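J.: Following this line is start-v4.cif, made up of mmCIF, C-alpha atoms and all ligand atoms:
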```
data_data
#
loop_
_atom_site.label_atom_id
_atom_site.label_comp_id
_atom_site.auth_asym_id
_atom_site.auth_seq_id
_atom_site.Cartn_x
_atom_site.Cartn_y
_atom_site.Cartn_z
CA MET A 27 -13.95 -20.87 9.31
CA GLU A 28 -15.27 -18.90 12.27
CA LYS A 29 -14.65 -15.16 12.47
CA MET A 30 -12.44 -14.62 15.53
CA ILE A 31 -12.39 -10.82 15.49
CA GLU A 32 -14.56 -8.36 13.62
CA PHE A 33 -14.39 -4.56 13.59
CA LYS A 34 -17.48 -2.92 12.07
CA ASN A 35 -16.96 0.79 11.29
CA VAL A 36 -15.20 1.32 14.60
CA GLY A 37 -14.28 4.77 15.90
CA TYR A 38 -12.60 5.62 19.18
CA ILE A 39 -12.16 9.09 20.69
CA TYR A 40 -10.08 9.76 23.84
CA GLU A 41 -12.24 12.41 25.52
CA LYS A 42 -10.38 15.36 27.03
CA HIS A 43 -13.31 17.55 27.92
CA GLU A 44 -16.96 17.36 27.00
CA GLY A 45 -17.11 17.36 23.17
CA GLU A 46 -13.32 17.61 22.76
CA GLY A 47 -10.84 14.79 22.28
CA THR A 48 -8.42 12.81 20.09
CA MET A 49 -9.86 10.63 17.35
CA ALA A 50 -7.49 7.64 17.73
CA ILE A 51 -9.47 5.18 15.53
CA GLU A 52 -11.70 6.27 12.67
CA ASP A 53 -14.12 4.07 10.73
CA VAL A 54 -12.01 0.90 10.92
CA SER A 55 -13.49 -2.32 9.52
CA PHE A 56 -11.70 -5.67 9.18
CA SER A 57 -12.14 -9.25 10.24
CA VAL A 58 -9.77 -12.01 11.32
CA LYS A 59 -10.56 -15.68 10.78
CA GLU A 60 -9.81 -18.42 13.29
CA GLY A 61 -6.20 -19.59 12.91
CA GLU A 62 -4.94 -16.55 11.00
CA PHE A 63 -1.66 -14.78 11.80
CA ILE A 64 -2.18 -11.05 11.30
CA GLY A 65 0.58 -8.44 11.51
CA ILE A 66 -0.42 -4.89 12.41
CA ILE A 67 2.12 -2.21 11.66
CA GLY A 68 2.09 1.58 11.78
CA HIS A 69 4.23 4.46 13.03
CA ASN A 70 3.97 5.96 16.52
CA GLY A 71 0.51 7.24 17.33
CA SER A 72 -1.19 5.56 14.35
CA GLY A 73 -3.69 3.82 16.64
CA LYS A 74 -2.26 0.31 17.04
CA SER A 75 -2.45 0.13 20.84
CA THR A 76 -5.92 1.63 20.89
CA LEU A 77 -6.99 -1.05 18.40
CA SER A 78 -5.62 -3.83 20.62
CA LYS A 79 -7.32 -2.42 23.75
CA LEU A 80 -10.63 -2.33 21.88
CA ILE A 81 -10.35 -6.08 21.23
CA ASN A 82 -9.67 -6.98 24.82
CA GLY A 83 -12.44 -4.88 26.37
CA ILE A 84 -10.00 -2.45 27.99
CA LEU A 85 -11.60 0.25 25.80
CA PHE A 86 -15.05 0.26 24.19
CA PRO A 87 -15.82 1.78 20.77
CA THR A 88 -17.17 5.32 20.63
CA SER A 89 -18.91 4.27 17.40
CA GLY A 90 -19.35 0.96 15.56
CA GLU A 91 -18.92 -2.52 17.02
CA VAL A 92 -16.11 -4.91 17.94
CA TRP A 93 -16.89 -8.64 18.01
CA VAL A 94 -14.53 -11.20 19.59
CA ALA A 95 -15.26 -14.95 19.26
CA GLY A 96 -18.88 -14.12 18.46
CA ILE A 97 -19.35 -11.74 21.45
CA ASN A 98 -19.99 -7.99 21.10
CA THR A 99 -17.49 -6.23 23.42
CA ASN A 100 -20.27 -3.82 24.41
CA ASP A 101 -21.93 -6.73 26.23
CA HIS A 102 -20.23 -5.94 29.56
CA SER A 103 -21.60 -9.08 31.20
CA ARG A 104 -19.35 -11.16 28.87
CA ILE A 105 -16.13 -9.22 29.43
CA TRP A 106 -14.35 -12.13 31.16
CA ASP A 107 -15.37 -14.50 28.36
CA ILE A 108 -13.79 -12.05 25.91
CA ARG A 109 -10.60 -11.71 27.97
CA GLN A 110 -10.34 -15.48 28.30
CA SER A 111 -10.84 -15.94 24.53
CA ALA A 112 -8.43 -13.17 23.53
CA GLY A 113 -5.39 -12.83 25.80
CA MET A 114 -3.08 -9.80 25.63
CA VAL A 115 0.70 -9.63 25.87
CA PHE A 116 2.08 -6.13 26.42
CA GLN A 117 5.34 -4.38 25.59
CA ASN A 118 6.99 -4.27 28.99
CA PRO A 119 7.51 -7.75 30.47
CA ASP A 120 8.15 -6.27 33.93
CA ASN A 121 4.72 -4.63 34.09
CA GLN A 122 2.75 -7.80 33.48
CA LEU A 123 4.37 -10.35 35.78
CA VAL A 124 2.95 -10.12 39.29
CA ALA A 125 3.78 -13.37 41.12
CA THR A 126 6.98 -14.28 42.98
CA MET A 127 7.40 -17.66 41.24
CA VAL A 128 7.06 -18.60 37.56
CA GLU A 129 4.65 -21.42 38.45
CA GLU A 130 2.34 -19.05 40.39
CA GLU A 131 2.51 -16.53 37.57
CA VAL A 132 1.22 -19.02 35.00
CA ALA A 133 -1.45 -20.30 37.44
CA PHE A 134 -2.78 -16.79 38.11
CA GLY A 135 -5.16 -16.59 35.11
CA PRO A 136 -6.84 -20.01 35.50
CA GLU A 137 -7.11 -19.42 39.28
CA ASN A 138 -9.08 -16.25 38.58
CA LEU A 139 -11.30 -18.21 36.21
CA GLY A 140 -12.06 -20.64 39.07
CA VAL A 141 -10.44 -23.65 37.39
CA ASP A 142 -10.01 -26.78 39.55
CA PRO A 143 -6.50 -26.87 41.24
CA LYS A 144 -5.61 -30.27 39.73
CA GLU A 145 -6.49 -29.00 36.26
CA ILE A 146 -4.49 -25.79 36.95
CA ARG A 147 -1.34 -27.81 37.73
CA LYS A 148 -1.78 -29.71 34.45
CA ARG A 149 -2.32 -26.51 32.47
CA VAL A 150 0.72 -24.81 34.06
CA ASP A 151 2.98 -27.73 33.08
CA GLU A 152 1.58 -27.87 29.55
CA ALA A 153 1.84 -24.10 29.01
CA LEU A 154 5.43 -23.94 30.29
CA LYS A 155 6.35 -26.87 28.05
CA THR A 156 4.77 -25.15 25.02
CA VAL A 157 6.87 -22.00 25.52
CA GLU A 158 9.91 -24.20 26.30
CA MET A 159 10.24 -22.87 29.85
CA GLY A 160 9.46 -26.07 31.78
CA ALA A 161 12.84 -25.99 33.52
CA TYR A 162 12.08 -22.54 34.99
CA LYS A 163 8.91 -23.51 36.87
CA ASN A 164 10.40 -22.81 40.31
CA LYS A 165 12.43 -19.74 39.37
CA LYS A 166 11.63 -16.16 40.27
CA PRO A 167 10.38 -14.10 37.29
CA HIS A 168 12.80 -11.22 38.03
CA GLN A 169 15.73 -13.61 37.49
CA LEU A 170 14.73 -14.21 33.86
CA SER A 171 15.81 -12.44 30.65
CA GLY A 172 13.33 -10.18 28.82
CA GLY A 173 12.59 -12.83 26.19
CA GLN A 174 12.02 -15.46 28.89
CA LYS A 175 9.69 -13.10 30.79
CA GLN A 176 7.61 -12.56 27.66
CA ARG A 177 7.41 -16.34 27.17
CA ILE A 178 6.15 -16.67 30.76
CA ALA A 179 3.56 -13.96 30.05
CA ILE A 180 2.49 -15.98 26.98
CA ALA A 181 2.35 -19.18 29.10
CA GLY A 182 0.06 -17.37 31.58
CA ILE A 183 -2.34 -16.68 28.73
CA LEU A 184 -2.06 -20.21 27.32
CA ALA A 185 -3.11 -21.59 30.70
CA MET A 186 -6.45 -19.85 30.18
CA LYS A 187 -6.95 -21.80 26.91
CA PRO A 188 -7.38 -18.76 24.64
CA LYS A 189 -8.54 -18.87 21.02
CA CYS A 190 -6.60 -15.76 20.15
CA ILE A 191 -3.54 -13.87 21.43
CA ILE A 192 -2.96 -10.17 20.80
CA LEU A 193 0.63 -9.07 21.22
CA ASP A 194 1.17 -5.31 21.47
CA GLU A 195 4.82 -4.70 20.54
CA PRO A 196 5.99 -7.66 22.67
CA THR A 197 9.54 -7.44 21.34
CA ALA A 198 10.06 -3.66 21.59
CA MET A 199 12.14 -3.91 24.77
CA LEU A 200 14.07 -7.08 23.87
CA ASP A 201 17.51 -7.74 22.41
CA PRO A 202 17.74 -9.65 19.08
CA SER A 203 17.91 -13.09 20.72
CA GLY A 204 14.93 -12.28 22.98
CA ARG A 205 12.99 -11.05 19.95
CA LYS A 206 13.71 -14.30 18.12
CA GLU A 207 12.58 -16.40 21.11
CA VAL A 208 9.25 -14.58 21.26
CA ILE A 209 8.64 -14.59 17.50
CA ASP A 210 9.49 -18.29 17.19
CA THR A 211 7.11 -19.02 20.09
CA ILE A 212 4.15 -17.16 18.61
CA LYS A 213 4.70 -18.66 15.16
CA ARG A 214 4.69 -22.13 16.73
CA LEU A 215 1.49 -21.44 18.69
CA ASN A 216 -0.19 -20.33 15.49
CA LYS A 217 0.97 -23.32 13.45
CA ASP A 218 0.79 -26.13 15.99
CA GLU A 219 -2.06 -25.01 18.27
CA ASN A 220 -4.10 -23.08 15.66
CA ILE A 221 -4.21 -20.04 17.96
CA THR A 222 -5.19 -16.87 16.10
CA ILE A 223 -2.41 -14.28 16.42
CA LEU A 224 -2.58 -10.49 16.12
CA HIS A 225 0.98 -9.27 16.25
CA ILE A 226 1.44 -5.51 16.58
CA THR A 227 4.97 -4.41 15.86
CA HIS A 228 7.30 -1.75 14.47
CA TYR A 229 9.54 -4.43 12.99
CA MET A 230 8.57 -5.34 9.43
CA ASP A 231 10.74 -8.46 9.42
CA GLU A 232 8.54 -9.94 12.18
CA VAL A 233 5.46 -9.96 9.93
CA VAL A 234 7.02 -11.19 6.68
CA ASP A 235 5.50 -14.65 7.34
CA ALA A 236 2.07 -13.38 8.44
CA ASP A 237 -1.06 -14.44 6.54
CA ARG A 238 -2.06 -10.79 6.22
CA ILE A 239 -0.70 -7.38 7.18
CA ILE A 240 -2.77 -4.36 8.19
CA VAL A 241 -1.00 -0.98 8.06
CA MET A 242 -2.44 1.74 10.30
CA ASP A 243 -2.02 5.47 9.68
CA GLU A 244 -3.74 8.27 11.60
CA GLY A 245 -6.31 5.90 13.07
CA LYS A 246 -7.31 4.40 9.72
CA ILE A 247 -6.31 1.31 7.74
CA ALA A 248 -3.88 2.64 5.14
CA MET A 249 -2.97 -0.70 3.51
CA GLU A 250 -4.08 -4.31 3.86
CA GLY A 251 -2.96 -7.46 2.09
CA THR A 252 -0.51 -10.35 2.03
CA PRO A 253 3.05 -9.52 3.17
CA ARG A 254 4.15 -9.49 -0.46
CA GLU A 255 1.36 -7.15 -1.54
CA VAL A 256 2.05 -4.74 1.31
CA LEU A 257 5.80 -4.86 1.83
CA CYS A 258 6.62 -4.48 -1.82
CA GLN A 259 4.99 -1.05 -2.00
CA VAL A 260 8.25 0.49 -0.87
CA GLU A 261 7.42 4.11 -1.77
CA LYS A 262 4.02 4.02 -0.07
CA LEU A 263 5.47 2.49 3.11
CA LYS A 264 8.12 5.23 3.19
CA GLU A 265 5.38 7.84 2.85
CA LEU A 266 3.80 6.26 5.93
CA SER A 267 7.18 6.60 7.76
CA LEU A 268 7.72 2.83 7.87
CA ASP A 269 10.91 0.91 7.16
CA VAL A 270 10.74 -1.93 4.70
CA PRO A 271 12.86 -5.06 5.34
CA GLN A 272 16.46 -4.40 4.25
CA ILE A 273 16.36 -7.25 1.74
CA THR A 274 13.21 -5.81 0.08
CA GLU A 275 14.78 -2.36 -0.07
CA LEU A 276 17.99 -3.72 -1.58
CA ALA A 277 16.05 -5.58 -4.27
CA TYR A 278 13.96 -2.47 -4.89
CA SER A 279 17.17 -0.43 -5.40
CA LEU A 280 18.39 -3.04 -7.89
CA ARG A 281 15.18 -3.00 -9.94
CA ASP A 282 15.77 -2.53 -13.64
CA GLU A 283 14.16 -0.02 -15.97
CA ASN A 284 11.58 -2.49 -17.24
CA MET A 285 10.73 -3.34 -13.64
CA SER A 286 11.07 -6.99 -14.59
CA MET A 287 13.32 -7.71 -11.64
CA GLY A 288 13.72 -6.49 -8.09
CA TRP A 289 10.09 -6.55 -7.08
CA GLY A 290 8.53 -8.57 -4.32
CA VAL A 291 11.69 -9.86 -2.64
CA LEU A 292 11.02 -10.73 1.01
CA THR A 293 13.64 -13.32 1.93
CA VAL A 294 17.38 -13.89 1.57
CA GLU A 295 16.64 -16.94 -0.59
CA GLU A 296 14.59 -14.84 -3.02
CA MET A 297 17.41 -12.28 -3.13
CA VAL A 298 19.95 -14.97 -3.98
CA ASN A 299 17.69 -16.20 -6.81
CA LEU A 300 17.33 -12.64 -8.09
CA LEU A 301 21.09 -12.11 -8.15
CA TRP A 302 21.62 -15.40 -10.01
CA GLN A 303 19.18 -14.32 -12.74
N1 LIG B 401 -4.86 7.78 27.12
C1 LIG B 401 -4.88 8.63 26.08
N2 LIG B 401 -5.46 9.85 26.16
C2 LIG B 401 -5.49 10.69 25.11
N3 LIG B 401 -4.99 10.40 23.89
C3 LIG B 401 -4.41 9.20 23.74
C4 LIG B 401 -4.31 8.25 24.81
N4 LIG B 401 -3.68 7.14 24.35
C5 LIG B 401 -3.39 7.38 23.06
N5 LIG B 401 -3.82 8.61 22.68
C6 LIG B 401 -3.69 9.21 21.33
O1 LIG B 401 -4.38 8.37 20.41
C7 LIG B 401 -3.64 8.25 19.20
C8 LIG B 401 -3.32 6.78 18.92
O2 LIG B 401 -2.46 6.30 19.98
P1 LIG B 401 -2.02 4.76 20.10
O3 LIG B 401 -1.30 4.62 21.40
O4 LIG B 401 -3.18 3.89 19.84
O5 LIG B 401 -1.00 4.64 18.88
P2 LIG B 401 0.14 3.55 18.60
O6 LIG B 401 0.13 3.34 17.13
O7 LIG B 401 -0.06 2.38 19.46
O8 LIG B 401 1.47 4.30 19.03
P3 LIG B 401 2.87 3.69 19.57
O9 LIG B 401 3.48 2.94 18.44
O10 LIG B 401 3.64 4.91 19.94
O11 LIG B 401 2.54 2.82 20.75
C9 LIG B 401 -2.40 9.14 19.36
O12 LIG B 401 -2.69 10.38 18.79
C10 LIG B 401 -2.25 9.26 20.87
O13 LIG B 401 -1.64 10.48 21.21
#
```
Would you mind giving the structure from this file in structure tokens?
Ligand SMILES: Nc1ncnc2c1ncn2[C@@H]1O[C@H](COP(=O)(O)OP(=O)(O)OP(=O)(O)O)[C@@H](O)[C@H]1O

T.:
Amino acid sequence: MEKMIEFKNVGYIYEKHEGEGTMAIEDVSFSVKEGEFIGIIGHNGSGKSTLSKLINGILFPTSGEVWVAGINTNDHSRIWDIRQSAGMVFQNPDNQLVATMVEEEVAFGPENLGVDPKEIRKRVDEALKTVEMGAYKNKKPHQLSGGQKQRIAIAGILAMKPKCIILDEPTAMLDPSGRKEVIDTIKRLNKDENITILHITHYMDEVVDADRIIVMDEGKIAMEGTPREVLCQVEKLKELSLDVPQITELAYSLRDENMSMGWGVLTVEEMVNLLWQ
């Protein structure tokens, strides 16, 4: 399997003045394989957004290297190849939609890539169908709900045929139903279209199904592993000011003295089985 993203000993400093600044990322190394679904969690200021901007060539590492789809992000001549391979969805849906019609919005990316108009029309229809927004093609983006706007933002990226999508807290401004729409959409893209997903979030329950979770703290990777390996370390997550899923916490509170039960519960079904034991 091809490596989609690779961080090699990456550091990033936001310079204030000459020789003075904030170390936002420090010696971070990890890699993501094609088709993986990775959850990135961490409290405010732990470096998650900086990490995502380093992937998309919005920021460039102060030290180390970032590779995306086999391209070093320091190769500035390939920046549009990188942005086409790895699309970004941001937190605020209102800041990323620019066109007056949904159809134009989704066409915007491929137009900038110089794609043939006939092919653009095909891609717009396909992308809207994939995010289940085909019926909204001729609507105005400002008439849509937050969840629908984020799905249009995702469709705009899909129309550029990306290999990977990085979502930086895409659900932070949405209500529960909007959150579910967006999460269901990205899970489907990962499963059905084999698109690599990097999902940055504060909500643990959104990454319970991920292939792997990376926990950031003070610019470094504090924990990394499968959801079960990471989310079951309740005490450590609390030390890192993170909330564990309620069901995991409940099971953890019910653990017995021998620690033979109450560990590693991530879903309601597992909780029911535990209580029947
Ligand atoms: N433009 C900037 N200039 C200076 N320092 C910055 C800038 N952006 C972020 N920082 C600092 O870098 C560190 C990491 O910030 P970053 O935004 O990457 O964290 P985050 O985990 O995404 O936070 P949040 O969850 O609040 O979005 C923080 O200490 C932050 O104050």

J.: So what do you get for CA of Asn35 (chain A) versus CA of Val54 (chain A), distance-wise?

T.: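 If I compute the distance from CA of Asn35 (chain A) to CA of Val54 (chain A), I get 5.0 Å.
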
J.: When the cut-off is 6 Å and you count all atoms listed in the file, which residues lie near ligand LIG 401 (chain B), shown as a list of chain:residue names?

T.: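 So, counting all atoms listed in the file, the residues near ligand LIG 401 (chain B) are A:Tyr40, A:Thr48, A:Ala50, A:Gly68, A:His69, A:Asn70, A:Gly71, A:Ser72, A:Gly73, A:Lys74, A:Ser75, A:Thr76.
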
J.: Using all atoms listed in the file for the distances, tell me which of A:Ile183, A:Ile64, A:Val291, A:Leu300 is nearest to Ile31 (chain A).

T.: A:Ile64

J.: May I ask which of the residues A:Phe63, A:Phe116, A:Phe134, A:Phe33 is the closest one to Trp93 (chain A), counting all atoms listed in the file?

T.: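 Of the candidates, the smallest distance to Trp93 (chain A) is held by A:Phe33.
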
J.: Which residue out of A:Leu280, A:Leu301, A:Val94, A:Glu62 has the minimum interatomic distance to Ala236 (chain A) when all atoms listed in the file are used?

T.: A:Glu62

J.: Given only C-alpha atoms as the basis, pick out the residue of A:Glu44, A:Ile84, A:Gly65, A:Asn220 nearest to Thr252 (chain A).

T.: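 Using only C-alpha atoms, the shortest distance to Thr252 (chain A) belongs to A:Gly65.
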